[in-house]
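**Student:** Input final_5.cif, format and content: mmCIF, C-alpha atoms and all ligand atoms.
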data_work
#
loop_
_atom_site.label_atom_id
_atom_site.label_comp_id
_atom_site.auth_asym_id
_atom_site.auth_seq_id
_atom_site.Cartn_x
_atom_site.Cartn_y
_atom_site.Cartn_z
CA MET A 1 11.54 18.94 -8.08
CA PRO A 2 9.03 20.22 -10.68
CA ALA A 3 6.29 17.82 -11.80
CA ALA A 4 7.49 15.72 -14.75
CA GLU A 5 5.42 14.45 -17.66
CA PHE A 6 4.82 11.15 -15.89
CA ASN A 7 5.26 11.20 -12.11
CA ILE A 8 5.76 8.34 -9.71
CA ILE A 9 4.58 9.34 -6.24
CA ALA A 10 5.31 7.17 -3.20
CA ILE A 11 3.14 7.49 -0.08
CA ASP A 12 4.32 5.59 2.99
CA GLY A 13 3.17 5.52 6.58
CA GLY A 14 1.77 3.39 9.37
CA ALA A 15 -1.74 1.96 9.67
CA ALA A 16 -4.64 4.45 9.53
CA THR A 17 -2.44 7.48 8.89
CA GLY A 18 -4.64 8.49 5.94
CA LYS A 19 -2.58 7.01 3.09
CA SER A 20 -5.47 5.49 1.13
CA SER A 21 -7.85 8.45 1.33
CA THR A 22 -5.05 10.88 0.51
CA SER A 23 -3.77 8.77 -2.40
CA ARG A 24 -7.25 8.35 -3.85
CA GLY A 25 -7.84 12.12 -3.61
CA MET A 26 -4.48 12.83 -5.25
CA ALA A 27 -5.28 10.38 -8.05
CA GLU A 28 -8.50 12.31 -8.77
CA CYS A 29 -6.84 15.75 -8.67
CA LEU A 30 -3.80 14.79 -10.73
CA GLN A 31 -5.25 12.06 -13.03
CA LEU A 32 -3.01 9.35 -11.61
CA MET A 33 -3.37 5.60 -11.38
CA HIS A 34 -3.71 4.59 -7.71
CA VAL A 35 -2.25 1.43 -6.20
CA ASP A 36 -2.83 0.35 -2.59
CA THR A 37 -0.06 -2.14 -1.82
CA GLY A 38 -1.55 -2.84 1.62
CA ALA A 39 -4.39 -4.45 -0.35
CA HIS A 40 -1.77 -6.59 -2.14
CA TYR A 41 -0.53 -8.00 1.17
CA ARG A 42 -4.10 -8.45 2.32
CA THR A 43 -4.95 -10.30 -0.92
CA LEU A 44 -2.02 -12.72 -0.50
CA THR A 45 -2.82 -13.17 3.22
CA HIS A 46 -6.43 -13.99 2.35
CA ALA A 47 -5.31 -16.49 -0.32
CA LEU A 48 -2.71 -18.11 1.95
CA LEU A 49 -5.16 -18.46 4.86
CA HIS A 50 -7.66 -19.94 2.41
CA ALA A 51 -5.00 -22.45 1.31
CA GLY A 52 -4.53 -23.42 4.97
CA ALA A 53 -1.02 -21.91 5.28
CA GLN A 54 0.00 -20.22 8.52
CA PRO A 55 2.94 -17.87 9.24
CA GLY A 56 5.97 -19.99 10.09
CA GLN A 57 5.07 -22.84 7.70
CA ASP A 58 7.65 -21.84 5.08
CA SER A 59 7.30 -24.76 2.67
CA GLU A 60 3.46 -24.69 2.75
CA ILE A 61 3.57 -20.93 2.12
CA GLN A 62 5.97 -21.29 -0.83
CA GLU A 63 3.87 -24.12 -2.26
CA ALA A 64 0.69 -22.05 -1.98
CA LEU A 65 2.41 -18.91 -3.40
CA ASP A 66 3.48 -20.92 -6.46
CA THR A 67 -0.17 -21.64 -7.28
CA LEU A 68 -1.15 -17.93 -7.22
CA GLU A 69 -1.17 -16.17 -10.55
CA LEU A 70 -1.10 -12.39 -10.14
CA GLY A 71 -3.02 -10.08 -12.45
CA THR A 72 -4.45 -6.55 -12.48
CA GLN A 73 -7.99 -5.28 -12.77
CA ILE A 74 -8.37 -1.56 -13.35
CA ASP A 75 -11.46 0.11 -11.99
CA GLY A 76 -11.48 3.84 -12.76
CA ARG A 77 -8.23 5.20 -11.31
CA SER A 78 -7.62 2.19 -9.10
CA ALA A 79 -5.49 -0.80 -10.15
CA GLN A 80 -6.35 -3.86 -8.08
CA LEU A 81 -4.48 -7.10 -7.64
CA SER A 82 -6.26 -10.23 -8.80
CA VAL A 83 -5.22 -13.72 -7.77
CA ASN A 84 -6.09 -16.47 -10.23
CA GLY A 85 -8.42 -14.03 -11.99
CA GLN A 86 -10.34 -12.87 -8.89
CA VAL A 87 -10.17 -9.64 -6.88
CA PRO A 88 -11.34 -10.51 -3.34
CA ALA A 89 -14.16 -8.46 -1.82
CA ASP A 90 -13.03 -5.55 0.34
CA SER A 91 -14.88 -7.08 3.31
CA ASP A 92 -12.68 -10.21 2.97
CA LEU A 93 -9.49 -8.12 2.75
CA ARG A 94 -10.39 -6.15 5.89
CA SER A 95 -11.79 -9.00 7.99
CA PRO A 96 -10.54 -9.43 11.59
CA GLU A 97 -8.71 -12.64 10.49
CA VAL A 98 -6.75 -10.82 7.77
CA ASN A 99 -6.13 -7.79 10.04
CA ALA A 100 -4.73 -10.14 12.68
CA SER A 101 -2.21 -11.93 10.44
CA VAL A 102 -1.36 -9.64 7.52
CA SER A 103 1.73 -8.16 9.23
CA GLN A 104 3.07 -11.64 9.97
CA PHE A 105 2.68 -12.75 6.36
CA ALA A 106 4.08 -9.41 5.11
CA ALA A 107 7.29 -10.05 7.09
CA ILE A 108 8.00 -13.26 5.12
CA PRO A 109 10.61 -12.63 2.38
CA ALA A 110 8.92 -15.09 -0.07
CA VAL A 111 5.65 -13.16 0.23
CA ARG A 112 7.39 -9.82 -0.42
CA GLN A 113 9.38 -11.33 -3.29
CA LYS A 114 6.16 -12.47 -4.93
CA LEU A 115 5.00 -8.82 -5.05
CA PHE A 116 8.26 -6.95 -5.79
CA ASP A 117 8.38 -7.25 -9.61
CA TYR A 118 4.60 -7.08 -9.86
CA GLN A 119 4.47 -3.74 -8.01
CA ARG A 120 7.30 -2.26 -10.09
CA SER A 121 5.57 -3.44 -13.28
CA LEU A 122 2.59 -1.19 -12.53
CA ALA A 123 4.53 1.96 -13.57
CA PRO A 124 4.68 0.89 -17.26
CA VAL A 125 1.03 -0.17 -17.01
CA ALA A 126 0.07 3.35 -15.85
CA ARG A 127 2.10 4.88 -18.71
CA GLU A 128 0.51 2.60 -21.30
CA LYS A 129 -2.95 3.46 -20.00
CA GLU A 130 -2.02 7.14 -20.36
CA TYR A 131 -2.46 8.17 -16.75
CA ALA A 132 -0.46 11.29 -15.80
CA GLY A 133 1.45 9.18 -13.30
CA LEU A 134 1.25 6.59 -10.56
CA VAL A 135 0.55 7.09 -6.86
CA MET A 136 1.51 3.99 -4.90
CA GLU A 137 0.93 3.72 -1.15
CA GLY A 138 2.36 1.30 1.38
CA ARG A 139 5.22 0.82 3.82
CA ASP A 140 8.27 0.39 1.56
CA ILE A 141 7.35 2.27 -1.61
CA GLY A 142 9.79 5.17 -1.30
CA SER A 143 12.47 2.99 0.32
CA VAL A 144 12.40 -0.26 -1.70
CA ILE A 145 9.88 -0.39 -4.58
CA PHE A 146 10.48 3.07 -6.09
CA PRO A 147 13.46 4.61 -4.26
CA ASP A 148 13.83 6.83 -7.34
CA ALA A 149 10.20 8.09 -7.20
CA ASP A 150 9.67 11.70 -8.34
CA PHE A 151 7.94 12.54 -5.02
CA ARG A 152 8.01 10.74 -1.68
CA PHE A 153 5.73 11.46 1.27
CA PHE A 154 5.59 9.92 4.73
CA LEU A 155 2.30 10.32 6.61
CA HIS A 156 1.93 9.96 10.36
CA ALA A 157 -0.65 10.74 13.05
CA ASP A 158 -0.99 10.14 16.79
CA GLU A 159 -2.43 6.81 17.92
CA ALA A 160 -5.70 8.20 19.30
CA THR A 161 -6.51 9.84 15.95
CA ARG A 162 -5.72 6.63 14.10
CA SER A 163 -7.79 4.39 16.41
CA THR A 164 -10.75 6.77 16.05
CA ARG A 165 -10.46 6.57 12.25
CA ARG A 166 -10.53 2.76 12.25
CA ALA A 167 -13.42 2.66 14.75
CA LYS A 168 -15.41 4.98 12.47
CA GLU A 169 -14.79 2.52 9.62
CA GLY A 170 -16.17 -0.23 11.88
CA GLN A 171 -12.91 -2.20 11.80
CA THR A 172 -11.25 -4.32 14.47
CA ASP A 173 -7.57 -3.56 14.08
CA SER A 174 -4.54 -3.51 16.40
CA ILE A 175 -2.86 -0.51 14.85
CA ALA A 176 0.03 -0.17 17.30
CA ALA A 177 0.85 -3.90 17.21
CA ARG A 178 0.84 -3.94 13.40
CA ASP A 179 3.05 -0.86 13.21
CA LYS A 180 5.50 -2.41 15.65
CA MET A 181 5.69 -5.60 13.61
CA ASP A 182 5.91 -3.70 10.30
CA SER A 183 8.70 -1.43 11.62
CA SER A 184 10.78 -4.15 13.22
CA ARG A 185 10.84 -6.83 10.52
CA LYS A 186 14.13 -7.55 8.74
CA THR A 187 12.89 -7.29 5.14
CA ALA A 188 11.70 -3.89 3.88
CA PRO A 189 10.58 -2.50 7.27
CA LEU A 190 8.28 0.49 7.59
CA VAL A 191 10.62 3.52 7.60
CA CYS A 192 10.40 7.14 6.62
CA PRO A 193 12.33 7.09 3.32
CA GLU A 194 15.36 9.38 3.19
CA GLY A 195 14.39 12.77 1.81
CA ALA A 196 10.62 12.11 2.07
CA THR A 197 8.31 14.99 2.99
CA GLN A 198 6.71 14.18 6.36
CA ILE A 199 3.11 15.16 7.03
CA ASP A 200 1.29 14.88 10.36
CA THR A 201 -2.28 14.23 9.16
CA GLY A 202 -3.77 14.42 12.70
CA PRO A 203 -4.55 18.17 12.83
CA PHE A 204 -5.87 18.40 9.26
CA THR A 205 -8.98 17.37 7.37
CA LEU A 206 -8.56 14.98 4.46
CA LYS A 207 -9.21 17.82 2.03
CA GLU A 208 -6.44 19.88 3.63
CA VAL A 209 -3.93 17.03 3.44
CA ILE A 210 -4.74 16.40 -0.23
CA SER A 211 -4.38 20.12 -0.97
CA GLN A 212 -0.98 20.25 0.76
CA VAL A 213 0.37 17.28 -1.17
CA VAL A 214 -1.03 18.42 -4.51
CA ALA A 215 0.35 21.96 -3.98
CA TYR A 216 3.76 20.48 -3.18
CA ILE A 217 3.76 18.41 -6.38
CA GLN A 218 2.56 21.25 -8.55
CA GLY A 219 5.30 23.43 -7.06
O1 LIG B 301 -2.01 -0.39 4.48
P1 LIG B 301 -2.65 -1.60 5.17
O2 LIG B 301 -2.92 -1.37 6.62
O3 LIG B 301 -3.84 -2.12 4.44
O4 LIG B 301 -1.53 -2.74 5.07
C1 LIG B 301 -1.74 -4.03 5.57
C2 LIG B 301 -0.41 -4.66 5.97
O5 LIG B 301 0.35 -4.93 4.81
C3 LIG B 301 0.47 -3.83 6.88
O6 LIG B 301 0.27 -4.12 8.24
C4 LIG B 301 1.85 -4.20 6.47
C5 LIG B 301 1.73 -4.74 5.08
N1 LIG B 301 2.31 -3.89 4.05
C6 LIG B 301 3.65 -4.01 3.82
O7 LIG B 301 4.32 -4.75 4.52
N2 LIG B 301 4.23 -3.32 2.81
C7 LIG B 301 3.51 -2.49 2.06
N3 LIG B 301 4.12 -1.84 1.06
C8 LIG B 301 2.13 -2.33 2.29
C9 LIG B 301 1.56 -3.03 3.33
#
Show me the file's structure as structure tokens.
Ligand code: DC
**Tutor:**
Amino acid sequence: MPAAEFNIIAIDGGAATGKSSTSRGMAECLQLMHVDTGAHYRTLTHALLHAGAQPGQDSEIQEALDTLELGTQIDGRSAQLSVNGQVPADSDLRSPEVNASVSQFAAIPAVRQKLFDYQRSLAPVAREKEYAGLVMEGRDIGSVIFPDADFRFFLHADEATRSTRRAKEGQTDSIAARDKMDSSRKTAPLVCPEGATQIDTGPFTLKEVISQVVAYIQG
């Protein structure tokens, strides 16, 4: 498909497959607004843990979710989720506590429901702000949030490559366990969306992956 005037680009894949770095690079090359939906789930997990809610406590979770007002703060090309007017620090979103429970919270339908309309509403925001399009990354973007996206990519890489990437970032993260949980949940599991272009990011540098994706979009 040739690039349209305003493109929606979905990037899905497991943990540490290079989604964020690739999406950020694409946003720079193609003047897109970038949205990291993993950060959305991390933000809600952080807020729910702060409210004392644990996975499995459905009524406490719903009660806490009802107190969270979602908003957007745009910083350059990146649109970030705010909760009650605050964007949490990246170190809070990527703490061992959040890493350990984000997949459990992300499997809860009420948590996903809280984000569904919000995430879809970011396309008109990107248009209004006159970006050339939107690149949204996550696990269910091409399958559930924007199944009609102009371009859909699915990134993957072998486990050793992914663990090395996280270790270099200084993070404690159980990549394989999170992927298993994300792929096996009932609501909006991690899947390769039908018709998505698959890219193994393992053998390539970040620059090479960005070039491949940008070349594909520009036809
Ligand atoms: O991309 P990430 O590793 O920061 O994502 C954190 C978690 O959020 C991931 O384990 C699963 C969940 N997630 C999701 O369920 N759906 C998305 N669209 C994005 C992330």
**Student:** Please indicate the distance in Å from atom C5 of ligand LIG 301 (chain B) to CA of Glu130 (chain A), rounded to one decimal place.
**Tutor:**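 Atom-to-atom, atom C5 of ligand LIG 301 (chain B) and CA of Glu130 (chain A) are spaced 28.3 Å apart.
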**Student:** Counting all atoms listed in the file, which residue out of A:Val98, A:Val213, A:Ala51, A:Ala160 sits closest to ligand LIG 301 (chain B)?
**Tutor:** A:Val98
**Student:** For ligand LIG 301 (chain B), return the neighbouring residues as a VMD selection string (distance at most 7 Å; all atoms listed in the file).
**Tutor:** chain A and resid 15 to 16 37 to 39 41 to 42 102 to 103 106 to 107 137 to 141 178 to 179 182
**Student:** Which residues, written as a CSV table (one decimal) with C-alpha atoms, keeping the file's coordinate frame, have at least one atom at most 10 Å from Gly202 (chain A), with only C-alpha atoms counted and residues fewer than 2 positions away on the same chain left out?
**Tutor:**
chain,number,residue,atom,x,y,z
A,17,THR,CA,-2.4,7.5,8.9
A,18,GLY,CA,-4.6,8.5,5.9
A,155,LEU,CA,2.3,10.3,6.6
A,156,HIS,CA,1.9,10.0,10.4
A,157,ALA,CA,-0.6,10.7,13.0
A,158,ASP,CA,-1.0,10.1,16.8
A,159,GLU,CA,-2.4,6.8,17.9
A,160,ALA,CA,-5.7,8.2,19.3
A,161,THR,CA,-6.5,9.8,16.0
A,162,ARG,CA,-5.7,6.6,14.1
A,199,ILE,CA,3.1,15.2,7.0
A,200,ASP,CA,1.3,14.9,10.4
A,204,PHE,CA,-5.9,18.4,9.3
A,205,THR,CA,-9.0,17.4,7.4
A,206,LEU,CA,-8.6,15.0,4.5
A,209,VAL,CA,-3.9,17.0,3.4
**Student:** Here is a test: counting only C-alpha atoms, which residue of A:Ala196, A:Asp148, A:Phe105, A:Glu28 is nearest to Ala53 (chain A)?
**Tutor:**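 Comparing A:Ala196, A:Asp148, A:Phe105, A:Glu28 against Ala53 (chain A), the winner is A:Phe105.
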**Student:** For Val87 (chain A), which residue among A:Thr67, A:Thr43, A:Gln54, A:Gln31 is the nearest when counting all atoms listed in the file?
**Tutor:**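 For Val87 (chain A), the nearest of the candidates is A:Thr43.
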**Student:** Just how far from CA of Ser211 (chain A) is CA of Ser143 (chain A), in Å to one decimal?
**Tutor:**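 That distance, rounded to one decimal, is 24.1 Å.
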**Student:** Which value, in Å to one decimal, gives the distance between CA of Gly13 (chain A) and CA of His34 (chain A)?
**Tutor:**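 One can read the CA of Gly13 (chain A) to CA of His34 (chain A) distance as 15.9 Å.
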**Student:** Show which residues sit within 9 Å of region 71-80 of chain A, as a ChimeraX atom specification. Count only C-alpha atoms, and ignore same-chain residues fewer than 5 positions away.
**Tutor:** /A:24,27-28,31-36,39-40,85-87,118,122,126,131
**Student:** Let me make sure I understand: among A:Ser184, A:Thr172, A:Pro193, A:Pro203, which one has the smallest atom-to-atom distance to Asn99 (chain A) if we use all atoms listed in the file?
**Tutor:**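 The shortest atom-to-atom distance to Asn99 (chain A) comes from A:Thr172.
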**Student:** Using all atoms listed in the file, find the one residue out of A:Gln218, A:Ser174, A:Ser21, A:Ser121 that sits nearest to Ser101 (chain A).
**Tutor:**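 Once distances to Ser101 (chain A) are computed over all atoms listed in the file, the minimum belongs to A:Ser174.
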**Student:** Applying 8 Å and only C-alpha atoms, which residues near region 145-147 of chain A remain after dropping the ones on its own chain fewer than 5 positions away? List them as a list in words.
**Tutor:**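 Counting only C-alpha atoms, the residues come to Ile8, Ala10, Phe116, Gln119, Arg120 and Asp140 of chain A.
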